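So the structure is just underneath, and the comments pick up after that.
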Amino acid sequence: MPVDLDHERISALLPHRHPMLLVDRVEAAVPGESLEAIKTISASEPCYAGATGFDYPAGLLIESFGQAAALLWLISNPSAAGGLPMFAAARDCRIEARVRPGDVVRHLVRLEQVIDGAAFASGESRVGPRRVAAFASLMAVIKPSK
Amino acid sequence: MRHVTEEKKVDPGLPYLAGHFPEVTIYPGVFIIDDVERAVAAVTGAPVHLTHLRSARFLRPLLSGDGFRFHLQITPAASGFEVDARCEGPDGVTAATIKAVFDAG
């Protein structure tokens, strides 16, 4: 399906802002089903300020996948927009390879279920042909913004 | 198995907080996973990296400036450590629980 969201449209959907907005582009989506998004890892991100390591923090990689999942939820259920999508739980996520600046991470997200204001997603992240992370289940809830 | 307790604080100067979110500042739950990784590295004296997040629950948001306390159970495993972490917010209520495997290196 020809869904292509650039950073401006992503900003209109997600409340996250720089430097915590961790999805650069949505390249494909089937509302209610699946979404493909990319996130380019940059050495200029705050996590590298004064850092001695070069691996992208796992928490930020998981957050980036979670934001891609939130975008899929929001384009599938426009009534969910307006609040703060909050990461509530995760189960069985594997980080299989390290990600570093210059890598273009592609998140492949599936929306598993939406129940009573909670969404469940699964999927994987790739760099080129290589799977770098697998997510069995992520759960998010919408928190009213005020 | 080692039991460790560590005190931390949500640093209001953390650059990421400005974008999470502009209207209300909430410490991103996933940062607790990275905090656990750093704590395990500090306790064991060598770098570790997350390979398997068995489960994570974010139960109560932590706000800018909030103090929080980690209770970590660290068990040596084949390639690193099994870690069971509970994070208490400033009111003593559990803010997050994390079970994960961190490999050495």
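Quick note on naming: the chains in the structure tokens go A, B, ... in the order shown, residues restart at 1 in each chain, and ligands are numbered from 1 in order of appearance.
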
So that each row is one residue of chain A with an atom at most 7 Å from chain B, can you give its shortest atom pair and the distance in Å to one decimal, using only C-alpha atoms, rows by chain and rising number, as CSV?
residue,atom,partner,partner_atom,distance
A:Pro15,CA,B:Phe21,CA,6.7
A:His16,CA,B:His20,CA,5.5
A:Arg17,CA,B:Gly19,CA,4.1
A:His18,CA,B:Gly19,CA,5.1
A:Pro19,CA,B:Tyr16,CA,5.6
A:Met20,CA,B:Gly19,CA,5.0
A:Pro46,CA,B:Pro15,CA,6.6
A:Pro57,CA,B:Asp34,CA,6.8
A:Ala58,CA,B:Leu50,CA,6.6
A:Gly59,CA,B:Val30,CA,4.7
A:Leu60,CA,B:Val30,CA,6.9
A:Glu63,CA,B:Val30,CA,6.4
A:Phe87,CA,B:Gly29,CA,6.9
A:Ala88,CA,B:Phe58,CA,4.9
A:Ala89,CA,B:Arg57,CA,4.3
A:Ala90,CA,B:Ala56,CA,5.0
A:Arg91,CA,B:Ser55,CA,4.3
A:Asp92,CA,B:Arg54,CA,4.4
A:Cys93,CA,B:Leu53,CA,4.9
A:Arg94,CA,B:His52,CA,4.4
A:Ile95,CA,B:Thr51,CA,4.7
A:Glu96,CA,B:Thr51,CA,6.4

Within chain B, find each residue whose DSSP state, derived from the backbone, is strand (DSSP E or B), and express the selection as a ChimeraX atom specification. /B:2-9,26,48-58,63,67-76,80-88,94-104

Separation of CA of Leu74 (chain A) and CA of Gly128 (chain A), in Å? 26.8 Å

Determine which residues of chain A DSSP labels as alpha helix (DSSP H) from the backbone of this structure, then write them out as a compact mmCIF listing (two decimals) with N, CA and C atoms, in the first residue's frame.
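Output (part20.txt):
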# COMPACT_ATOMS: atom_id res chain seq x y z
N HIS A 7 9.42 12.72 7.75
CA HIS A 7 9.60 13.08 9.15
C HIS A 7 8.56 14.10 9.62
N GLU A 8 8.13 14.97 8.69
CA GLU A 8 7.12 15.96 9.05
C GLU A 8 5.80 15.27 9.41
N ARG A 9 5.40 14.29 8.62
CA ARG A 9 4.13 13.61 8.90
C ARG A 9 4.26 12.71 10.13
N ILE A 10 5.44 12.14 10.33
CA ILE A 10 5.66 11.35 11.54
C ILE A 10 5.51 12.25 12.78
N SER A 11 6.06 13.46 12.70
CA SER A 11 5.97 14.41 13.81
C SER A 11 4.53 14.79 14.10
N ALA A 12 3.69 14.77 13.06
CA ALA A 12 2.28 15.12 13.28
C ALA A 12 1.55 13.99 13.98
N LEU A 13 2.07 12.77 13.89
CA LEU A 13 1.39 11.61 14.49
C LEU A 13 1.93 11.30 15.89
N ALA A 58 20.80 -0.50 23.38
CA ALA A 58 19.68 -1.40 23.11
C ALA A 58 18.34 -0.73 23.42
N GLY A 59 18.32 0.06 24.50
CA GLY A 59 17.07 0.72 24.88
C GLY A 59 16.57 1.63 23.78
N LEU A 60 17.48 2.35 23.12
CA LEU A 60 17.06 3.25 22.04
C LEU A 60 16.61 2.48 20.81
N LEU A 61 17.26 1.35 20.54
CA LEU A 61 16.83 0.52 19.41
C LEU A 61 15.41 -0.02 19.65
N ILE A 62 15.16 -0.48 20.88
CA ILE A 62 13.83 -1.00 21.22
C ILE A 62 12.81 0.15 21.16
N GLU A 63 13.20 1.32 21.66
CA GLU A 63 12.30 2.48 21.60
C GLU A 63 11.96 2.84 20.15
N SER A 64 12.97 2.79 19.28
CA SER A 64 12.74 3.13 17.88
C SER A 64 11.74 2.15 17.26
N PHE A 65 11.91 0.86 17.53
CA PHE A 65 10.94 -0.13 17.04
C PHE A 65 9.56 0.16 17.64
N GLY A 66 9.55 0.50 18.93
CA GLY A 66 8.27 0.79 19.59
C GLY A 66 7.57 2.00 18.99
N GLN A 67 8.35 3.00 18.57
CA GLN A 67 7.74 4.17 17.94
C GLN A 67 7.16 3.80 16.57
N ALA A 68 7.86 2.93 15.85
CA ALA A 68 7.32 2.45 14.56
C ALA A 68 6.00 1.71 14.81
N ALA A 69 5.96 0.92 15.90
CA ALA A 69 4.72 0.20 16.24
C ALA A 69 3.62 1.19 16.62
N ALA A 70 3.99 2.26 17.34
CA ALA A 70 2.99 3.27 17.71
C ALA A 70 2.43 3.95 16.47
N LEU A 71 3.29 4.21 15.48
CA LEU A 71 2.82 4.82 14.23
C LEU A 71 1.81 3.92 13.53
N LEU A 72 2.10 2.61 13.52
CA LEU A 72 1.16 1.68 12.90
C LEU A 72 -0.18 1.70 13.64
N TRP A 73 -0.12 1.75 14.96
CA TRP A 73 -1.35 1.81 15.76
C TRP A 73 -2.12 3.10 15.43
N LEU A 74 -1.41 4.22 15.36
CA LEU A 74 -2.07 5.51 15.16
C LEU A 74 -2.68 5.63 13.76
N ILE A 75 -2.01 5.09 12.74
CA ILE A 75 -2.62 5.19 11.41
C ILE A 75 -3.75 4.18 11.26
N SER A 76 -3.74 3.15 12.13
CA SER A 76 -4.81 2.15 12.07
C SER A 76 -6.04 2.60 12.86

Given the choices A:Ala49, A:Leu21, A:Met139, A:Val127, which gets closest to Arg106 (chain A) if the distance is worked out from only C-alpha atoms? A:Val127

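Picture a line from CA of Pro12 (chain B) to CA of Cys87 (chain B); it runs 18.5 Å.
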
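Across B:Asp11, B:Glu82, B:Glu88, B:Glu6, the tightest approach to Ala104 (chain B) is made by B:Glu82 when counting only C-alpha atoms.
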
Do a neighbour search on Ser122 (chain A) at 7 Å with only C-alpha atoms, toss out local chain neighbours closer than 2 positions, and write the hits as a ChimeraX atom specification. /A:109-112,135-138

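Taking CA of Phe68 (chain B) and CA of Thr25 (chain B) as the two end points, the separation is 15.7 Å.
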